[in-house]
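Enquirer: One structure follows; several queries about it will come next.
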Amino acid sequence: MSTTRAGFAAIIGAPNAGKSTLTNRLVGAKVSIVTQKVQTTRFPVRGVALAGEAQIVLVDTPGIFQPRRRLDRAMVRAAWGGAEDADAVVHLVDAPAEIAAAGPEGRPADRRSAADVEAIVTGLKAAGRPAILALNKVDQVKREDLLALSQRLFDTGAYAEVFMISAVTGSGVEDLRARLAALMPEGPWLYPEDQTADLPARLLAAEITREKLYLRVHDELPYSAAVETTAFQERKDGGVRIEQTIYVERESQRPIILGKGGQTLKWIGQKAREELGVILDRPVHLFLHVAVDERWADKRAFYGDMGLDFDA
């Protein structure tokens, strides 16, 4: 009789390293939102991946970066907290950005990413617990540059092993999944076989809408927006009625989300409703409201709903 395994694997990294894409790829279903924006993931999202007799609960953490605001500090603390509690830690590194940062053609975003990687290496060494280094987007760089980067990072002493992957294409991901499965402790599975995520439906609904919001207005809107599910009601016809409020910090941002004749908000609502209908496997009636609240990022209740520490 084969032995089951179950445990937690935290995926940490700089913003936009591809953590959410990797989590979704390992799980085989969408559990974490993905946009062009960095720092999209604001709290640890648990995705459940299966590999043979092993169940790997993946903790897709917020990006680790230099915090400036209360929300930033809470996100970074949540990321390190996810790593401390895990049976295995994967440090995902954006290989093209890391290589570009070392050269004259590197963009400011590449250098910020490299600085965040350096800070994570320091944190891992201080924790005294070697992590798995996963170099991402390897299909975008030359082999010799990749090998040099791999050696440089491995020589820091922060890692036990290195994997070269592409979260987008799936290259190398199966090898990483098999390694994580082997690192999980023996024991019964933590979730039913058909469950892919540990995320309350109200929170999942808010995250899906926030993804559509940023996909549509990512150029015009900075990080000063949040989505809260204010009502989630089962209907007699088997569907669900969801009411949500999109918070922005300034009155001038409201027209950006509404769009001409309300068309932008209509698009966001339609796309979110379609995806939620597929995920929840039932009709979804979604109602969106836009509110201005310059202090939304300082409300204790907002942090508690997302499992973040308000006092970080």
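Here, A, B, ... name the chains of the structure tokens in the order displayed, residue numbers run from 1 inside each chain, and ligands are numbered from 1 in the same displayed order.
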Can you list every residue in stretch 118-225 of chain A that DSSP puts in strand (DSSP E or B), as a list in words?
Expert: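 Strand (DSSP E or B) members of stretch 118-225 of chain A, listed: Ala131, Ile132, Leu133, Ala134, Leu135, Asn136, Tyr159, Ala160, Glu161, Val162, Phe163, Met164, Glu186, Ala197, Asp198 and Ala225 of chain A.
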Enquirer: When you look at A:Gly52 with a cut-off of 9 Å (counting only C-alpha atoms), what residues show up, excluding the ones that are within fewer than 2 positions of it in the same chain? I need them as a PDB file with N, CA, C and O atoms, in the first residue's frame.
Expert:
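Here's the written file part04.pdb:
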```pdb
ATOM      1  N   THR A   4       0.597   8.108   1.526  1.00  0.00           N
ATOM      2  CA  THR A   4       0.235   9.457   1.081  1.00  0.00           C
ATOM      3  C   THR A   4       1.118  10.489   1.768  1.00  0.00           C
ATOM      4  O   THR A   4       1.614  10.282   2.881  1.00  0.00           O
ATOM      5  N   LEU A  50      -1.633  18.106  -7.028  1.00  0.00           N
ATOM      6  CA  LEU A  50      -1.480  16.672  -6.783  1.00  0.00           C
ATOM      7  C   LEU A  50      -0.338  16.126  -7.633  1.00  0.00           C
ATOM      8  O   LEU A  50      -0.162  16.516  -8.786  1.00  0.00           O
ATOM      9  N   ALA A  54       1.022  12.326  -3.480  1.00  0.00           N
ATOM     10  CA  ALA A  54       1.344  13.520  -2.684  1.00  0.00           C
ATOM     11  C   ALA A  54       0.392  14.660  -2.997  1.00  0.00           C
ATOM     12  O   ALA A  54      -0.001  14.872  -4.148  1.00  0.00           O
ATOM     13  N   GLN A  55       0.023  15.389  -1.969  1.00  0.00           N
ATOM     14  CA  GLN A  55      -0.765  16.609  -2.114  1.00  0.00           C
ATOM     15  C   GLN A  55       0.100  17.780  -1.653  1.00  0.00           C
ATOM     16  O   GLN A  55       0.582  17.803  -0.519  1.00  0.00           O
ATOM     17  N   ALA A 178       7.493  17.211  -9.064  1.00  0.00           N
ATOM     18  CA  ALA A 178       7.922  15.914  -8.524  1.00  0.00           C
ATOM     19  C   ALA A 178       8.847  16.098  -7.325  1.00  0.00           C
ATOM     20  O   ALA A 178       8.769  15.353  -6.334  1.00  0.00           O
ATOM     21  N   ALA A 181       6.805  17.179  -4.345  1.00  0.00           N
ATOM     22  CA  ALA A 181       6.045  16.034  -3.829  1.00  0.00           C
ATOM     23  C   ALA A 181       6.915  15.183  -2.915  1.00  0.00           C
ATOM     24  O   ALA A 181       6.474  14.731  -1.849  1.00  0.00           O
TER      25      ALA A 181
END
```
Enquirer: So which one's closest to A:Gly269, A:His289, A:Lys137, A:Arg235, A:Arg25? Using only C-alpha atoms, please.
Expert: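 Looking only at the distances to A:Gly269, the closest residue turns out to be A:His289.
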Enquirer: Give me the residues near A:Ala102 as a ChimeraX atom specification, where near means some atom within 12 Å (using only C-alpha atoms) and where sequence neighbours in that chain fewer than 2 positions away do not count.
Expert: /A:95-100,104-108,110-115,145,148-149,152
Enquirer: Okay, now the selection with all heavy atoms, as a compact mmCIF listing (two decimals), in the first residue's frame?
Expert:
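New file selection.txt:
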```txt
# COMPACT_ATOMS: atom_id res chain seq x y z
N ALA A 95 14.56 35.33 -14.51
CA ALA A 95 15.92 35.24 -15.04
C ALA A 95 16.26 36.37 -16.01
O ALA A 95 17.34 36.98 -15.89
CB ALA A 95 16.13 33.87 -15.70
N PRO A 96 15.40 36.72 -16.98
CA PRO A 96 15.75 37.82 -17.89
C PRO A 96 15.97 39.15 -17.16
O PRO A 96 16.90 39.89 -17.49
CB PRO A 96 14.53 37.91 -18.82
CG PRO A 96 13.90 36.56 -18.77
CD PRO A 96 14.13 36.07 -17.37
N ALA A 97 15.14 39.45 -16.16
CA ALA A 97 15.29 40.71 -15.42
C ALA A 97 16.59 40.71 -14.63
O ALA A 97 17.30 41.72 -14.57
CB ALA A 97 14.10 40.91 -14.49
N GLU A 98 16.92 39.57 -14.02
CA GLU A 98 18.13 39.47 -13.21
C GLU A 98 19.38 39.64 -14.08
O GLU A 98 20.34 40.32 -13.68
CB GLU A 98 18.15 38.09 -12.52
CG GLU A 98 19.21 37.94 -11.45
CD GLU A 98 18.92 38.72 -10.19
OE1 GLU A 98 17.78 39.22 -10.03
OE2 GLU A 98 19.83 38.85 -9.35
N ILE A 99 19.36 39.05 -15.27
CA ILE A 99 20.51 39.17 -16.17
C ILE A 99 20.61 40.59 -16.73
O ILE A 99 21.69 41.18 -16.78
CB ILE A 99 20.39 38.14 -17.32
CG1 ILE A 99 20.59 36.72 -16.76
CG2 ILE A 99 21.38 38.42 -18.43
CD1 ILE A 99 20.19 35.60 -17.71
N ALA A 100 19.46 41.17 -17.10
CA ALA A 100 19.46 42.53 -17.66
C ALA A 100 19.93 43.56 -16.63
O ALA A 100 20.62 44.53 -16.98
CB ALA A 100 18.05 42.89 -18.15
N PRO A 104 24.24 47.17 -18.99
CA PRO A 104 23.88 48.58 -19.26
C PRO A 104 22.47 48.75 -19.80
O PRO A 104 21.88 49.81 -19.71
CB PRO A 104 24.92 49.02 -20.30
CG PRO A 104 25.39 47.74 -20.95
CD PRO A 104 25.31 46.69 -19.89
N GLU A 105 21.91 47.65 -20.38
CA GLU A 105 20.58 47.76 -20.97
C GLU A 105 19.46 47.54 -19.96
O GLU A 105 18.27 47.60 -20.30
CB GLU A 105 20.41 46.75 -22.12
CG GLU A 105 20.29 45.30 -21.70
CD GLU A 105 21.62 44.64 -21.33
OE1 GLU A 105 22.65 45.35 -21.28
OE2 GLU A 105 21.62 43.43 -21.07
N GLY A 106 19.81 47.29 -18.71
CA GLY A 106 18.81 47.01 -17.69
C GLY A 106 17.90 48.21 -17.43
O GLY A 106 18.36 49.34 -17.32
N ARG A 107 16.60 47.94 -17.31
CA ARG A 107 15.62 48.99 -17.01
C ARG A 107 15.53 49.19 -15.49
O ARG A 107 15.95 48.31 -14.73
CB ARG A 107 14.25 48.60 -17.55
CG ARG A 107 14.21 48.33 -19.06
CD ARG A 107 12.89 47.66 -19.42
NE ARG A 107 12.75 46.42 -18.67
CZ ARG A 107 11.58 45.83 -18.41
NH1 ARG A 107 10.47 46.37 -18.81
NH2 ARG A 107 11.53 44.69 -17.73
N PRO A 108 14.97 50.32 -15.04
CA PRO A 108 14.79 50.51 -13.60
C PRO A 108 14.01 49.36 -12.95
O PRO A 108 14.32 48.95 -11.83
CB PRO A 108 14.00 51.83 -13.52
CG PRO A 108 14.40 52.58 -14.76
CD PRO A 108 14.59 51.52 -15.81
N ASP A 110 14.05 46.26 -13.84
CA ASP A 110 14.97 45.12 -13.71
C ASP A 110 15.86 45.28 -12.48
O ASP A 110 16.09 44.33 -11.74
CB ASP A 110 15.86 44.99 -14.96
CG ASP A 110 15.06 44.70 -16.22
OD1 ASP A 110 14.02 44.01 -16.11
OD2 ASP A 110 15.46 45.16 -17.30
N ARG A 111 16.33 46.51 -12.27
CA ARG A 111 17.22 46.75 -11.12
C ARG A 111 16.47 46.64 -9.80
O ARG A 111 17.02 46.16 -8.80
CB ARG A 111 17.88 48.13 -11.27
CG ARG A 111 18.87 48.16 -12.42
CD ARG A 111 19.76 49.40 -12.34
NE ARG A 111 19.73 50.16 -13.58
CZ ARG A 111 20.29 49.77 -14.72
NH1 ARG A 111 20.90 48.63 -14.80
NH2 ARG A 111 20.22 50.53 -15.80
N ARG A 112 15.19 47.08 -9.79
CA ARG A 112 14.37 46.92 -8.58
C ARG A 112 14.18 45.43 -8.29
O ARG A 112 14.26 44.99 -7.14
CB ARG A 112 13.01 47.60 -8.76
CG ARG A 112 13.03 49.11 -8.53
CD ARG A 112 11.63 49.66 -8.34
NE ARG A 112 10.77 49.39 -9.47
CZ ARG A 112 10.68 50.17 -10.55
NH1 ARG A 112 11.42 51.27 -10.63
NH2 ARG A 112 9.85 49.86 -11.53
N SER A 113 13.91 44.67 -9.33
CA SER A 113 13.72 43.23 -9.17
C SER A 113 14.98 42.58 -8.62
O SER A 113 14.93 41.75 -7.71
CB SER A 113 13.35 42.60 -10.52
OG SER A 113 13.25 41.20 -10.41
N ALA A 114 16.14 42.97 -9.15
CA ALA A 114 17.42 42.41 -8.70
C ALA A 114 17.68 42.78 -7.24
O ALA A 114 18.20 41.96 -6.46
CB ALA A 114 18.56 42.90 -9.58
N ALA A 115 17.32 44.01 -6.85
CA ALA A 115 17.50 44.43 -5.45
C ALA A 115 16.60 43.61 -4.53
O ALA A 115 16.99 43.22 -3.43
CB ALA A 115 17.19 45.92 -5.31
N ASP A 145 24.32 32.62 -20.35
CA ASP A 145 23.93 33.62 -19.35
C ASP A 145 23.16 32.97 -18.21
O ASP A 145 23.32 33.31 -17.04
CB ASP A 145 23.07 34.71 -19.99
CG ASP A 145 23.85 35.57 -20.97
OD1 ASP A 145 25.09 35.59 -20.88
OD2 ASP A 145 23.22 36.21 -21.83
N ALA A 148 25.52 30.99 -15.92
CA ALA A 148 26.30 31.91 -15.08
C ALA A 148 25.45 32.46 -13.94
O ALA A 148 25.89 32.55 -12.79
CB ALA A 148 26.85 33.05 -15.93
N LEU A 149 24.19 32.81 -14.24
CA LEU A 149 23.28 33.31 -13.22
C LEU A 149 23.00 32.23 -12.18
O LEU A 149 23.02 32.50 -10.97
CB LEU A 149 21.96 33.76 -13.87
CG LEU A 149 20.82 34.12 -12.92
CD1 LEU A 149 21.20 35.30 -12.04
CD2 LEU A 149 19.54 34.42 -13.70
N ARG A 152 26.00 31.88 -9.93
CA ARG A 152 26.17 33.04 -9.04
C ARG A 152 25.20 32.98 -7.86
O ARG A 152 25.60 33.21 -6.70
CB ARG A 152 25.96 34.33 -9.84
CG ARG A 152 26.03 35.60 -8.98
CD ARG A 152 26.06 36.85 -9.81
NE ARG A 152 24.85 37.11 -10.54
CZ ARG A 152 23.74 37.65 -10.01
NH1 ARG A 152 23.72 37.96 -8.72
NH2 ARG A 152 22.69 37.88 -10.75
```
Enquirer: So that I can check the surroundings of A:Ala6, please list as a ChimeraX atom specification every protein, DNA and RNA residue that reaches within 12 Å of it, counting only C-alpha atoms and ignoring chain neighbours fewer than 4 positions away.
Expert: /A:48-58,86-88,180-193
Enquirer: Restricting the output to C-alpha atoms, write the selected residues as a PDB file, in the first residue's frame.
Expert:
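What follows is the written file again.pdb:
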```pdb
ATOM      1  CA  VAL A  48      -3.756  22.468  -4.087  1.00  0.00           C
ATOM      2  CA  ALA A  49      -1.559  20.455  -6.484  1.00  0.00           C
ATOM      3  CA  LEU A  50      -1.480  16.672  -6.783  1.00  0.00           C
ATOM      4  CA  ALA A  51       1.516  14.543  -7.760  1.00  0.00           C
ATOM      5  CA  GLY A  52       0.895  10.819  -7.454  1.00  0.00           C
ATOM      6  CA  GLU A  53       0.178  10.072  -3.801  1.00  0.00           C
ATOM      7  CA  ALA A  54       1.344  13.520  -2.684  1.00  0.00           C
ATOM      8  CA  GLN A  55      -0.765  16.609  -2.114  1.00  0.00           C
ATOM      9  CA  ILE A  56       1.163  19.881  -2.285  1.00  0.00           C
ATOM     10  CA  VAL A  57      -0.564  22.915  -0.812  1.00  0.00           C
ATOM     11  CA  LEU A  58       1.068  25.789  -2.675  1.00  0.00           C
ATOM     12  CA  ALA A  86       6.086  25.804   4.817  1.00  0.00           C
ATOM     13  CA  ASP A  87       7.664  22.363   4.408  1.00  0.00           C
ATOM     14  CA  ALA A  88       9.468  23.577   1.283  1.00  0.00           C
ATOM     15  CA  LEU A 180       8.124  19.215  -4.131  1.00  0.00           C
ATOM     16  CA  ALA A 181       6.045  16.034  -3.829  1.00  0.00           C
ATOM     17  CA  ALA A 182       9.081  14.158  -2.512  1.00  0.00           C
ATOM     18  CA  LEU A 183       9.684  16.885   0.093  1.00  0.00           C
ATOM     19  CA  MET A 184       6.187  16.699   1.538  1.00  0.00           C
ATOM     20  CA  PRO A 185       5.947  14.841   4.874  1.00  0.00           C
ATOM     21  CA  GLU A 186       4.056  11.559   5.096  1.00  0.00           C
ATOM     22  CA  GLY A 187       0.474  11.925   6.243  1.00  0.00           C
ATOM     23  CA  PRO A 188      -3.152  12.119   5.100  1.00  0.00           C
ATOM     24  CA  TRP A 189      -4.218  14.640   2.497  1.00  0.00           C
ATOM     25  CA  LEU A 190      -5.321  18.008   3.850  1.00  0.00           C
ATOM     26  CA  TYR A 191      -8.013  18.700   1.245  1.00  0.00           C
ATOM     27  CA  PRO A 192     -10.504  16.638  -0.808  1.00  0.00           C
ATOM     28  CA  GLU A 193      -9.083  15.365  -4.102  1.00  0.00           C
TER      29      GLU A 193
END
```
Enquirer: Excluding same-chain residues fewer than 4 positions from A:Arg250, what lies within 8 Å of it counting only C-alpha atoms, as a VMD selection string?
Expert: chain A and resid 254 292 to 294
Enquirer: Convert the current residue selection to file output with C-alpha atoms, as a PDB file, in the first residue's frame.
Expert:
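Produced file part07.pdb, reproduced below:
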```
ATOM      1  CA  ARG A 254     -14.050  57.122 -10.579  1.00  0.00           C
ATOM      2  CA  VAL A 292     -14.328  56.904  -3.353  1.00  0.00           C
ATOM      3  CA  ASP A 293     -12.539  56.323  -0.045  1.00  0.00           C
ATOM      4  CA  GLU A 294      -9.052  57.775   0.237  1.00  0.00           C
TER       5      GLU A 294
END
```
Enquirer: If you run DSSP over the backbone, which residues in stretch 226-306 of chain A end up helix (DSSP H, G or I)? Put them as a PyMOL selection string.
Expert: chain A and resi 251-258+260-280+296-298+300-306
Enquirer: For the selection you just gave me, I'd like the residues written to a file as a compact mmCIF listing (two decimals), in the first residue's frame, keeping N, CA and C atoms.
Expert:
```
# COMPACT_ATOMS: atom_id res chain seq x y z
N GLU A 251 -11.63 61.10 -6.33
CA GLU A 251 -12.82 61.29 -7.18
C GLU A 251 -12.44 61.23 -8.66
N SER A 252 -11.25 61.71 -8.99
CA SER A 252 -10.82 61.73 -10.39
C SER A 252 -10.62 60.32 -10.96
N GLN A 253 -10.54 59.31 -10.08
CA GLN A 253 -10.33 57.94 -10.55
C GLN A 253 -11.65 57.23 -10.87
N ARG A 254 -12.75 57.76 -10.34
CA ARG A 254 -14.05 57.12 -10.58
C ARG A 254 -14.40 57.07 -12.08
N PRO A 255 -14.23 58.19 -12.83
CA PRO A 255 -14.56 58.14 -14.27
C PRO A 255 -13.71 57.14 -15.05
N ILE A 256 -12.49 56.89 -14.57
CA ILE A 256 -11.62 55.93 -15.26
C ILE A 256 -12.25 54.54 -15.23
N ILE A 257 -12.79 54.18 -14.07
CA ILE A 257 -13.39 52.85 -13.92
C ILE A 257 -14.76 52.78 -14.60
N LEU A 258 -15.52 53.88 -14.52
CA LEU A 258 -16.84 53.88 -15.16
C LEU A 258 -16.71 53.84 -16.68
N LYS A 260 -16.67 55.78 -20.59
CA LYS A 260 -17.68 56.57 -21.30
C LYS A 260 -19.00 55.81 -21.31
N GLY A 261 -20.03 56.44 -20.75
CA GLY A 261 -21.34 55.80 -20.72
C GLY A 261 -21.36 54.53 -19.88
N GLY A 262 -20.40 54.42 -18.96
CA GLY A 262 -20.36 53.25 -18.08
C GLY A 262 -19.83 51.99 -18.77
N GLN A 263 -19.22 52.14 -19.97
CA GLN A 263 -18.80 50.97 -20.75
C GLN A 263 -17.65 50.19 -20.11
N THR A 264 -16.72 50.90 -19.46
CA THR A 264 -15.58 50.20 -18.85
C THR A 264 -16.06 49.32 -17.69
N LEU A 265 -16.90 49.90 -16.82
CA LEU A 265 -17.42 49.12 -15.69
C LEU A 265 -18.26 47.94 -16.19
N LYS A 266 -18.99 48.16 -17.26
CA LYS A 266 -19.81 47.08 -17.84
C LYS A 266 -18.92 45.93 -18.32
N TRP A 267 -17.79 46.28 -18.97
CA TRP A 267 -16.85 45.25 -19.46
C TRP A 267 -16.26 44.47 -18.29
N ILE A 268 -15.83 45.21 -17.25
CA ILE A 268 -15.24 44.55 -16.07
C ILE A 268 -16.25 43.58 -15.46
N GLY A 269 -17.49 44.04 -15.30
CA GLY A 269 -18.53 43.21 -14.71
C GLY A 269 -18.84 41.98 -15.55
N GLN A 270 -18.89 42.17 -16.87
CA GLN A 270 -19.21 41.05 -17.77
C GLN A 270 -18.13 39.97 -17.71
N LYS A 271 -16.86 40.41 -17.80
CA LYS A 271 -15.74 39.45 -17.78
C LYS A 271 -15.66 38.72 -16.44
N ALA A 272 -15.85 39.46 -15.35
CA ALA A 272 -15.80 38.84 -14.02
C ALA A 272 -16.96 37.85 -13.85
N ARG A 273 -18.14 38.24 -14.31
CA ARG A 273 -19.31 37.38 -14.19
C ARG A 273 -19.13 36.08 -14.98
N GLU A 274 -18.59 36.21 -16.19
CA GLU A 274 -18.38 35.02 -17.03
C GLU A 274 -17.42 34.04 -16.36
N GLU A 275 -16.30 34.57 -15.84
CA GLU A 275 -15.31 33.68 -15.23
C GLU A 275 -15.82 33.07 -13.93
N LEU A 276 -16.51 33.88 -13.13
CA LEU A 276 -17.05 33.35 -11.86
C LEU A 276 -18.11 32.28 -12.13
N GLY A 277 -18.86 32.44 -13.21
CA GLY A 277 -19.85 31.44 -13.55
C GLY A 277 -19.21 30.09 -13.84
N VAL A 278 -18.04 30.13 -14.51
CA VAL A 278 -17.31 28.90 -14.81
C VAL A 278 -16.71 28.30 -13.53
N ILE A 279 -16.07 29.15 -12.71
CA ILE A 279 -15.41 28.67 -11.49
C ILE A 279 -16.42 28.12 -10.49
N LEU A 280 -17.54 28.84 -10.30
CA LEU A 280 -18.54 28.43 -9.32
C LEU A 280 -19.53 27.42 -9.90
N TRP A 296 -9.14 53.72 2.25
CA TRP A 296 -9.46 52.29 2.25
C TRP A 296 -8.27 51.43 2.65
N ALA A 297 -7.05 51.86 2.30
CA ALA A 297 -5.87 51.05 2.61
C ALA A 297 -5.48 51.13 4.09
N ASP A 298 -6.20 51.94 4.87
CA ASP A 298 -5.91 52.06 6.30
C ASP A 298 -7.02 51.50 7.17
N ARG A 300 -8.76 48.55 9.15
CA ARG A 300 -8.39 47.27 9.76
C ARG A 300 -9.21 46.10 9.20
N ALA A 301 -10.51 46.31 8.97
CA ALA A 301 -11.37 45.22 8.49
C ALA A 301 -10.92 44.70 7.13
N PHE A 302 -10.43 45.60 6.29
CA PHE A 302 -9.97 45.21 4.96
C PHE A 302 -8.82 44.21 5.06
N TYR A 303 -7.92 44.41 6.02
CA TYR A 303 -6.77 43.52 6.20
C TYR A 303 -7.20 42.17 6.75
N GLY A 304 -8.13 42.21 7.71
CA GLY A 304 -8.59 40.97 8.31
C GLY A 304 -9.26 40.06 7.30
N ASP A 305 -10.04 40.65 6.38
CA ASP A 305 -10.71 39.85 5.35
C ASP A 305 -9.70 39.10 4.48
N MET A 306 -8.53 39.70 4.28
CA MET A 306 -7.52 39.08 3.40
C MET A 306 -6.48 38.28 4.17
```
Enquirer: Taking 6 positions as the minimum chain separation for residues in the same chain, which residues sit within 8 Å of A:Ala167 when counting only C-alpha atoms? Answer as JSON, numbers by chain.
Expert: {"A": [18, 21, 22, 25, 136, 137, 173]}
Enquirer: Any idea what the distance is between atom CA of A:Ile208 and atom CA of A:Ala225?
Expert: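 Value for the atom CA of A:Ile208-atom CA of A:Ala225 distance: 13.6 Å.
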